[in-house]
file structure13.txt (compact mmCIF, C-alpha atoms and all ligand atoms)
# COMPACT_ATOMS: atom_id res chain seq x y z
CA MET Y 38 170.69 -9.40 -251.87
CA THR Y 39 171.93 -8.11 -255.18
CA ARG Y 40 173.67 -4.84 -255.98
CA ALA Y 41 171.72 -1.77 -257.00
CA ALA Y 42 168.90 -3.08 -259.10
CA GLY Y 43 167.05 -1.68 -262.08
CA ASP Y 44 167.41 -0.96 -265.75
CA LEU Y 45 169.70 1.89 -266.77
CA ARG Y 46 168.32 4.32 -269.35
CA VAL Y 47 171.15 6.40 -270.78
CA PHE Y 48 170.34 9.76 -272.37
CA GLU Y 49 172.84 11.80 -274.40
CA THR Y 50 172.31 15.12 -272.59
CA PRO Y 51 170.68 16.48 -269.42
CA GLN Y 52 167.90 17.94 -271.61
CA ASP Y 53 167.25 14.54 -273.16
CA LEU Y 54 167.15 13.13 -269.63
CA ALA Y 55 164.64 15.77 -268.55
CA GLU Y 56 162.44 14.96 -271.55
CA GLY Y 57 162.70 11.27 -270.71
CA VAL Y 58 161.57 11.89 -267.14
CA ALA Y 59 158.72 14.15 -268.26
CA ASP Y 60 157.63 11.57 -270.84
CA ALA Y 61 157.65 8.83 -268.20
CA PHE Y 62 155.74 11.02 -265.70
CA ALA Y 63 153.03 11.80 -268.27
CA THR Y 64 152.74 8.19 -269.45
CA LEU Y 65 152.53 6.80 -265.92
CA ALA Y 66 150.01 9.46 -264.92
CA GLN Y 67 147.75 8.64 -267.88
CA ASP Y 68 148.05 4.93 -267.11
CA ALA Y 69 147.28 5.30 -263.38
CA ILE Y 70 144.37 7.68 -263.89
CA GLY Y 71 142.96 5.44 -266.62
CA LYS Y 72 143.23 2.32 -264.45
CA ARG Y 73 142.59 3.63 -260.93
CA GLY Y 74 141.20 7.14 -261.31
CA SER Y 75 144.17 8.89 -259.72
CA PHE Y 76 147.98 9.24 -259.90
CA ALA Y 77 149.95 9.45 -256.66
CA VAL Y 78 153.51 10.65 -257.18
CA ALA Y 79 156.31 11.43 -254.71
CA LEU Y 80 158.63 14.09 -256.11
CA ALA Y 81 162.40 14.06 -255.72
CA GLY Y 82 164.19 17.12 -254.44
CA GLY Y 83 167.58 18.59 -255.28
CA THR Y 84 168.53 20.11 -258.62
CA THR Y 85 168.42 17.23 -261.12
CA PRO Y 86 164.63 17.02 -261.50
CA LYS Y 87 164.15 20.79 -261.97
CA ALA Y 88 164.42 20.64 -265.79
CA ALA Y 89 161.90 17.80 -266.00
CA TYR Y 90 159.52 19.63 -263.65
CA ALA Y 91 159.79 22.76 -265.79
CA LEU Y 92 158.79 20.72 -268.85
CA LEU Y 93 155.74 19.37 -266.97
CA GLY Y 94 154.65 22.94 -266.30
CA ARG Y 95 154.32 23.87 -269.95
CA GLU Y 96 153.10 22.48 -273.27
CA PRO Y 97 153.07 19.87 -274.62
CA TYR Y 98 153.27 18.07 -271.27
CA ALA Y 99 150.94 20.23 -269.13
CA SER Y 100 147.83 19.34 -271.12
CA GLN Y 101 148.78 15.65 -271.35
CA ILE Y 102 148.14 15.22 -267.62
CA ASP Y 103 144.71 15.31 -265.91
CA TRP Y 104 146.01 17.39 -262.98
CA PRO Y 105 142.82 17.33 -260.83
CA HIS Y 106 143.38 13.56 -260.55
CA VAL Y 107 147.02 13.91 -259.52
CA GLN Y 108 148.09 13.70 -255.86
CA ILE Y 109 151.51 15.27 -255.26
CA PHE Y 110 153.74 14.14 -252.40
CA PHE Y 111 157.44 14.51 -251.61
CA GLY Y 112 160.17 11.95 -251.01
CA ASP Y 113 161.97 14.16 -248.55
CA GLU Y 114 162.21 17.72 -247.31
CA ARG Y 115 164.70 19.99 -245.70
CA CYS Y 116 163.74 21.36 -242.27
CA VAL Y 117 163.09 24.87 -243.49
CA SER Y 118 160.01 26.96 -244.21
CA PRO Y 119 158.07 26.29 -247.43
CA ASP Y 120 159.25 29.63 -248.83
CA ASP Y 121 162.91 28.89 -248.21
CA ALA Y 122 165.15 28.54 -251.27
CA GLU Y 123 166.30 25.19 -249.83
CA SER Y 124 162.77 23.77 -249.67
CA ASN Y 125 162.04 20.91 -252.09
CA TYR Y 126 158.38 21.95 -252.02
CA ASN Y 127 159.36 25.52 -252.98
CA MET Y 128 161.50 24.18 -255.83
CA ALA Y 129 158.64 22.08 -257.23
CA ARG Y 130 156.08 24.87 -256.73
CA THR Y 131 158.29 27.29 -258.65
CA ALA Y 132 159.21 24.78 -261.37
CA PHE Y 133 155.68 23.58 -262.22
CA LEU Y 134 153.12 23.23 -259.44
CA SER Y 135 152.18 26.91 -259.63
CA SER Y 136 151.71 26.61 -263.41
CA VAL Y 137 149.44 23.56 -263.68
CA ARG Y 138 145.84 22.91 -262.62
CA VAL Y 139 146.64 20.65 -259.69
CA PRO Y 140 144.29 21.60 -256.82
CA ALA Y 141 146.08 23.03 -253.78
CA ASP Y 142 144.48 20.30 -251.63
CA ASN Y 143 146.20 17.69 -253.82
CA VAL Y 144 149.68 18.99 -252.96
CA HIS Y 145 150.89 17.37 -249.74
CA ARG Y 146 154.13 18.91 -248.55
CA MET Y 147 156.20 17.76 -245.61
CA HIS Y 148 156.10 20.49 -242.97
CA GLY Y 149 159.77 21.27 -242.73
CA GLU Y 150 159.02 24.24 -240.55
CA ASP Y 151 157.63 22.03 -237.77
CA ASP Y 152 159.43 19.93 -235.18
CA PRO Y 153 161.06 17.21 -237.37
CA ALA Y 154 159.75 14.23 -235.41
CA GLN Y 155 156.25 15.67 -235.32
CA ALA Y 156 156.38 16.52 -239.03
CA ALA Y 157 157.39 12.92 -239.76
CA ARG Y 158 154.49 11.57 -237.70
CA ASP Y 159 152.07 13.96 -239.37
CA TYR Y 160 153.26 13.01 -242.86
CA ALA Y 161 152.89 9.32 -242.13
CA GLU Y 162 149.25 10.04 -241.27
CA THR Y 163 148.86 12.00 -244.51
CA LEU Y 164 150.24 9.08 -246.51
CA ILE Y 165 147.76 6.69 -244.94
CA GLU Y 166 144.87 9.15 -245.32
CA PHE Y 167 145.42 9.63 -249.05
CA LEU Y 168 147.07 6.37 -250.16
CA GLY Y 169 145.45 3.90 -247.79
CA PRO Y 170 147.25 1.50 -245.44
CA ASP Y 171 149.58 0.14 -248.13
CA THR Y 172 150.89 3.67 -248.85
CA ARG Y 173 151.70 2.64 -252.42
CA PHE Y 174 152.82 5.33 -254.87
CA ASP Y 175 152.20 5.03 -258.59
CA LEU Y 176 155.48 6.82 -259.20
CA LEU Y 177 158.24 7.59 -256.73
CA MET Y 178 161.01 9.85 -258.01
CA LEU Y 179 164.45 9.83 -256.45
CA GLY Y 180 167.88 11.30 -257.03
CA MET Y 181 171.31 10.16 -255.90
CA GLY Y 182 173.98 12.20 -254.22
CA PRO Y 183 177.69 11.73 -255.01
CA ASP Y 184 177.96 9.94 -251.65
CA GLY Y 185 175.30 7.42 -252.61
CA HIS Y 186 172.45 8.92 -250.58
CA THR Y 187 168.90 9.00 -251.88
CA ALA Y 188 165.95 10.98 -250.54
CA SER Y 189 167.38 11.86 -247.12
CA LEU Y 190 168.81 8.42 -246.44
CA PHE Y 191 172.46 9.27 -245.93
CA PRO Y 192 175.54 7.04 -245.49
CA GLY Y 193 176.21 5.96 -241.93
CA SER Y 194 172.59 5.72 -240.80
CA ASP Y 195 171.28 2.22 -241.44
CA PRO Y 196 168.19 2.71 -243.63
CA ARG Y 197 166.97 -0.74 -242.68
CA THR Y 198 166.29 0.18 -239.06
CA ASP Y 199 162.78 1.45 -239.59
CA GLU Y 200 160.84 -1.16 -241.51
CA ALA Y 201 157.67 -0.23 -239.61
CA GLN Y 202 158.11 3.51 -240.01
CA LEU Y 203 156.76 5.30 -243.07
CA VAL Y 204 158.45 8.65 -242.58
CA ARG Y 205 161.55 9.46 -240.54
CA ALA Y 206 163.14 12.59 -239.13
CA VAL Y 207 166.91 12.23 -239.54
CA TRP Y 208 169.90 14.22 -238.29
CA VAL Y 209 172.38 14.61 -241.15
CA GLN Y 210 175.75 14.95 -239.44
CA LYS Y 211 177.70 16.24 -242.40
CA MET Y 212 175.10 18.93 -243.04
CA GLN Y 213 174.48 19.60 -239.35
CA THR Y 214 170.76 19.69 -240.06
CA HIS Y 215 167.58 17.67 -239.72
CA ARG Y 216 165.72 16.26 -242.71
CA ILE Y 217 162.40 14.47 -243.17
CA THR Y 218 162.36 11.44 -245.45
CA LEU Y 219 160.25 8.57 -246.69
CA THR Y 220 161.65 5.28 -245.48
CA PRO Y 221 162.59 2.25 -247.61
CA ALA Y 222 159.36 0.61 -246.48
CA VAL Y 223 157.38 3.18 -248.46
CA ILE Y 224 159.89 3.63 -251.28
CA ASN Y 225 159.94 -0.08 -252.10
CA ARG Y 226 156.17 -0.41 -252.14
CA ALA Y 227 155.91 1.94 -255.14
CA ARG Y 228 154.63 0.63 -258.47
CA HIS Y 229 157.34 2.52 -260.31
CA VAL Y 230 160.56 4.12 -259.05
CA ILE Y 231 162.71 6.39 -261.23
CA ILE Y 232 166.14 7.40 -259.95
CA ALA Y 233 167.31 10.30 -262.11
CA THR Y 234 170.95 11.31 -261.85
CA GLU Y 235 173.22 13.28 -264.12
CA GLY Y 236 176.69 14.72 -264.48
CA ALA Y 237 180.25 13.43 -264.29
CA ALA Y 238 180.31 14.08 -260.54
CA LYS Y 239 177.92 11.12 -260.07
CA ALA Y 240 179.75 8.76 -262.45
CA GLN Y 241 181.98 7.04 -259.89
CA MET Y 242 179.16 6.50 -257.42
CA LEU Y 243 176.83 5.19 -260.12
CA HIS Y 244 179.49 2.68 -261.13
CA THR Y 245 180.09 1.79 -257.48
CA VAL Y 246 176.51 1.27 -256.37
CA ARG Y 247 175.73 -0.86 -259.42
CA GLY Y 248 178.97 -2.80 -259.22
CA SER Y 249 179.69 -3.23 -255.51
CA GLU Y 250 178.31 -5.72 -253.04
CA TYR Y 251 175.15 -4.73 -251.21
CA ASP Y 252 175.96 -2.32 -248.39
CA PRO Y 253 173.08 0.13 -247.84
CA VAL Y 254 174.65 1.65 -244.75
CA ARG Y 255 177.55 2.78 -246.94
CA TYR Y 256 175.48 3.24 -250.13
CA PRO Y 257 171.87 3.98 -249.10
CA VAL Y 258 170.57 4.12 -252.69
CA GLN Y 259 171.18 0.36 -252.86
CA ILE Y 260 168.22 -0.07 -250.48
CA VAL Y 261 165.91 0.91 -253.36
CA LYS Y 262 164.58 -2.37 -254.71
CA PRO Y 263 160.80 -2.29 -255.22
CA ASP Y 264 158.93 -5.29 -253.74
CA ASP Y 265 156.98 -5.86 -256.95
CA GLY Y 266 157.32 -2.56 -258.79
CA VAL Y 267 159.62 -1.32 -261.54
CA LEU Y 268 162.93 0.45 -260.85
CA GLU Y 269 164.57 2.46 -263.61
CA TRP Y 270 167.66 4.64 -263.52
CA PHE Y 271 167.46 7.60 -265.88
CA VAL Y 272 170.99 8.94 -266.37
CA ASP Y 273 172.84 11.10 -268.82
CA ARG Y 274 175.94 9.99 -270.67
CA ALA Y 275 178.23 11.91 -268.29
CA ALA Y 276 176.89 10.08 -265.24
CA ALA Y 277 177.21 6.78 -267.12
CA SER Y 278 180.80 7.52 -268.21
CA LYS Y 279 182.27 5.03 -265.72
CA THR Y 280 179.62 2.38 -266.24
CA ASP Y 281 179.96 -0.31 -268.86
CA ILE Y 282 176.84 0.54 -270.83
CA THR Y 283 177.28 -2.37 -273.18
CA LYS Y 284 176.13 -4.78 -270.47
CA ARG Y 285 172.81 -6.54 -270.78
CA TYR Y 286 171.15 -4.46 -268.07
CA VAL Y 287 171.54 -1.27 -270.02
CA THR Y 288 169.15 -0.09 -272.66
CA ASP Y 289 171.26 2.09 -274.90
CA TYR Y 290 170.30 5.63 -275.82
CA PHE Y 291 166.66 5.63 -275.07
CA ARG Y 292 163.83 7.99 -275.79
CA TRP Y 293 160.66 7.07 -273.95
C1 LIG Y 301 167.34 16.46 -251.67
C2 LIG Y 301 167.08 15.20 -252.43
C3 LIG Y 301 168.34 14.42 -252.54
C4 LIG Y 301 168.78 14.59 -253.97
C5 LIG Y 301 170.22 14.19 -254.14
C6 LIG Y 301 170.71 14.57 -255.53
O1 LIG Y 301 166.51 16.86 -250.86
O2 LIG Y 301 168.40 17.05 -251.95
O3 LIG Y 301 166.06 14.50 -251.99
O4 LIG Y 301 168.23 13.05 -252.25
O5 LIG Y 301 167.95 13.81 -254.83
O6 LIG Y 301 170.98 14.88 -253.17
O7 LIG Y 301 170.63 15.96 -255.60
P1 LIG Y 301 170.99 16.74 -256.96
O8 LIG Y 301 169.91 16.38 -257.94
O9 LIG Y 301 170.94 18.19 -256.57
O10 LIG Y 301 172.33 16.27 -257.40

call {"tool": "encode", "arguments": {"input": "structure13.txt", "output": "structure tokens"}}
result
Amino acid sequence: MTRAAGDLRVFETPQDLAEGVADAFATLAQDAIGKRGSFAVALAGGTTPKAAYALLGREPYASQIDWPHVQIFFGDERCVSPDDAESNYNMARTAFLSSVRVPADNVHRMHGEDDPAQAARDYAETLIEFLGPDTRFDLLMLGMGPDGHTASLFPGSDPRTDEAQLVRAVWVQKMQTHRITLTPAVINRARHVIIATEGAAKAQMLHTVRGSEYDPVRYPVQIVKPDDGVLEWFVDRAAASKTDITKRYVTDYFRW
């Protein structure tokens, strides 16, 4: 198994990165809706995607996307209520979902307020109900923590242990909290995965996960390797500052 896979798209600034993500979202949505009549996307949580989400909620992006044909899902969720400041659903609703014409029934949040194991079971059923048995996303958005986690797959818990599971309730020791997360089985079935990460604080881990041997227990983001889809890393120059961006796998400054 190789190291972290995927092309690296390096953007000069966080704003350029946000525009790159919004451009990719709009392009992939138009393509999916044109080909299959709908666009199923799993949103990343955390802070990095907020700027891109805000762009999607206003012109020129908002009118580029046929929102009634978009199905919104989440890659992971904190075990809090949907109105909690920590909720990934609340972050996305505030950033753009409340501003665009996506029908409420098309927004499928993980129920962080419920018992974690039950919420994971329920979400797995939701995935199958709306995506079919192959639970294949058109776009799956992820971030990366400075410790190499992605979604809520954290170091120390072997992400490979649940090939059959679609959604998992996990106890995050260092945060002393439960989380709900898509599993690698679902993540790697996506047609297109974008890992967006920015800032100097991520630079060492980005260099490590792309340069070290495969060890997804230590570096969970390395588990992301789509079966037959596309994986792209969208990073800013600060996050790429410890990565040799002259190498063949890197497309230099890139505007979608
Ligand atoms: C979450 C995310 C998580 C996030 C990384 C990066 O719920 O926090 O799913 O995996 O993408 O922790 O977070 P930042 O973008 O805030 O650095």

call {"tool": "residues_near_ligand", "arguments": {"input": "structure13.txt", "ligand": "ligand LIG 301 (chain Y)", "cutoff": "6 Å", "atoms": "all atoms listed in the file", "output": "ChimeraX atom specification"}}
result
/Y:81-85,113-114,179-182,187-189

call {"tool": "residues_around", "arguments": {"input": "structure13.txt", "residues": "segment 130-132 of chain Y", "least_positions_apart": "6", "cutoff": "9 Å", "atoms": "all atoms listed in the file", "output": "list of chain:residue names"}}
result
Y:Lys87, Y:Ala88, Y:Ala89, Y:Tyr90, Y:Ala91, Y:Leu92, Y:Leu93, Y:Gly94

call {"tool": "write_last_selection", "arguments": {"input": "structure13.txt", "atoms": "C-alpha atoms", "output": "PDB file, in the coordinates of the input"}}
result
ATOM      1  CA  LYS Y  87     164.150  20.790-261.970  1.00  0.00           C
ATOM      2  CA  ALA Y  88     164.420  20.640-265.790  1.00  0.00           C
ATOM      3  CA  ALA Y  89     161.900  17.800-266.000  1.00  0.00           C
ATOM      4  CA  TYR Y  90     159.520  19.630-263.650  1.00  0.00           C
ATOM      5  CA  ALA Y  91     159.790  22.760-265.790  1.00  0.00           C
ATOM      6  CA  LEU Y  92     158.790  20.720-268.850  1.00  0.00           C
ATOM      7  CA  LEU Y  93     155.740  19.370-266.970  1.00  0.00           C
ATOM      8  CA  GLY Y  94     154.650  22.940-266.300  1.00  0.00           C
TER       9      GLY Y  94
END

call {"tool": "closest_residue", "arguments": {"input": "structure13.txt", "among": "Y:Met212, Y:Ile70, Y:Ala238, Y:Leu176", "to": "Leu268 of chain Y", "atoms": "all atoms listed in the file"}}
result
Y:Leu176

call {"tool": "atom_distance", "arguments": {"input": "structure13.txt", "atom1": "atom CA of Ala227 of chain Y", "atom2": "atom CA of Val78 of chain Y"}}
result
9.3 Å

call {"tool": "atom_distance", "arguments": {"input": "structure13.txt", "atom1": "atom CA of Ser136 of chain Y", "atom2": "atom CA of Met178 of chain Y"}}
result
19.9 Å

call {"tool": "atom_distance", "arguments": {"input": "structure13.txt", "atom1": "atom CA of Arg247 of chain Y", "atom2": "atom CA of Asp265 of chain Y"}}
result
19.6 Å

call {"tool": "residues_near_point", "arguments": {"input": "structure13.txt", "point": "(154.6, 14.6, -242.7)", "cutoff": "9 Å", "atoms": "all atoms listed in the file", "output": "PDB file with C-alpha atoms, in the coordinates of the input"}}
result
ATOM      1  CA  HIS Y 145     150.890  17.370-249.740  1.00  0.00           C
ATOM      2  CA  ARG Y 146     154.130  18.910-248.550  1.00  0.00           C
ATOM      3  CA  MET Y 147     156.200  17.760-245.610  1.00  0.00           C
ATOM      4  CA  HIS Y 148     156.100  20.490-242.970  1.00  0.00           C
ATOM      5  CA  GLY Y 149     159.770  21.270-242.730  1.00  0.00           C
ATOM      6  CA  PRO Y 153     161.060  17.210-237.370  1.00  0.00           C
ATOM      7  CA  ALA Y 154     159.750  14.230-235.410  1.00  0.00           C
ATOM      8  CA  GLN Y 155     156.250  15.670-235.320  1.00  0.00           C
ATOM      9  CA  ALA Y 156     156.380  16.520-239.030  1.00  0.00           C
ATOM     10  CA  ALA Y 157     157.390  12.920-239.760  1.00  0.00           C
ATOM     11  CA  ARG Y 158     154.490  11.570-237.700  1.00  0.00           C
ATOM     12  CA  ASP Y 159     152.070  13.960-239.370  1.00  0.00           C
ATOM     13  CA  TYR Y 160     153.260  13.010-242.860  1.00  0.00           C
ATOM     14  CA  ALA Y 161     152.890   9.320-242.130  1.00  0.00           C
ATOM     15  CA  GLU Y 162     149.250  10.040-241.270  1.00  0.00           C
ATOM     16  CA  THR Y 163     148.860  12.000-244.510  1.00  0.00           C
ATOM     17  CA  LEU Y 164     150.240   9.080-246.510  1.00  0.00           C
ATOM     18  CA  VAL Y 204     158.450   8.650-242.580  1.00  0.00           C
ATOM     19  CA  ARG Y 205     161.550   9.460-240.540  1.00  0.00           C
ATOM     20  CA  ILE Y 217     162.400  14.470-243.170  1.00  0.00           C
ATOM     21  CA  THR Y 218     162.360  11.440-245.450  1.00  0.00           C
TER      22      THR Y 218
END

call {"tool": "closest_residue", "arguments": {"input": "structure13.txt", "among": "Y:Arg95, Y:Arg255, Y:His244, Y:Lys239", "to": "Asp273 of chain Y", "atoms": "all atoms listed in the file"}}
result
Y:Lys239

call {"tool": "residues_around", "arguments": {"input": "structure13.txt", "residues": "Gln210 of chain Y", "least_positions_apart": "5", "cutoff": "10 Å", "atoms": "only C-alpha atoms", "output": "number ranges by chain"}}
result
Y: 191-194, 215

call {"tool": "write_last_selection", "arguments": {"input": "structure13.txt", "atoms": "C-alpha atoms", "output": "mmCIF file, keeping the file's coordinate frame"}}
result
data_model
loop_
_atom_site.group_PDB
_atom_site.id
_atom_site.type_symbol
_atom_site.label_atom_id
_atom_site.label_comp_id
_atom_site.auth_asym_id
_atom_site.auth_seq_id
_atom_site.Cartn_x
_atom_site.Cartn_y
_atom_site.Cartn_z
ATOM 1 C CA PHE Y 191 172.460 9.270 -245.930
ATOM 2 C CA PRO Y 192 175.540 7.040 -245.490
ATOM 3 C CA GLY Y 193 176.210 5.960 -241.930
ATOM 4 C CA SER Y 194 172.590 5.720 -240.800
ATOM 5 C CA HIS Y 215 167.580 17.670 -239.720
#

call {"tool": "closest_residue", "arguments": {"input": "structure13.txt", "among": "Y:Gln52, Y:Thr214, Y:Gln101, Y:Asn225", "to": "Asp171 of chain Y", "atoms": "only C-alpha atoms"}}
result
Y:Asn225

call {"tool": "residues_around", "arguments": {"input": "structure13.txt", "residues": "Asp264 of chain Y", "least_positions_apart": "5", "cutoff": "12 Å", "atoms": "only C-alpha atoms", "output": "ChimeraX atom specification"}}
result
/Y:42,173,221-230

call {"tool": "residues_near_point", "arguments": {"input": "structure13.txt", "point": "(165.4, 11.9, -269.4)", "cutoff": "12 Å", "atoms": "only C-alpha atoms", "output": "count of residues only"}}
result
40

call {"tool": "residues_around", "arguments": {"input": "structure13.txt", "residues": "Asp103 of chain Y", "least_positions_apart": "4", "cutoff": "12 Å", "atoms": "all atoms listed in the file", "output": "VMD selection string"}}
result
chain Y and resid 62 to 71 74 to 76 93 98 to 99 107 to 108 137 to 140

call {"tool": "closest_residue", "arguments": {"input": "structure13.txt", "among": "Y:Ser100, Y:Gln213, Y:Thr220, Y:Asn143", "to": "Gly112 of chain Y", "atoms": "only C-alpha atoms"}}
result
Y:Thr220

call {"tool": "residues_around", "arguments": {"input": "structure13.txt", "residues": "Arg216 of chain Y", "least_positions_apart": "2", "cutoff": "6 Å", "atoms": "only C-alpha atoms", "output": "list of chain:residue names"}}
result
Y:Glu114, Y:Arg115, Y:Cys116, Y:Ala206, Y:Val207
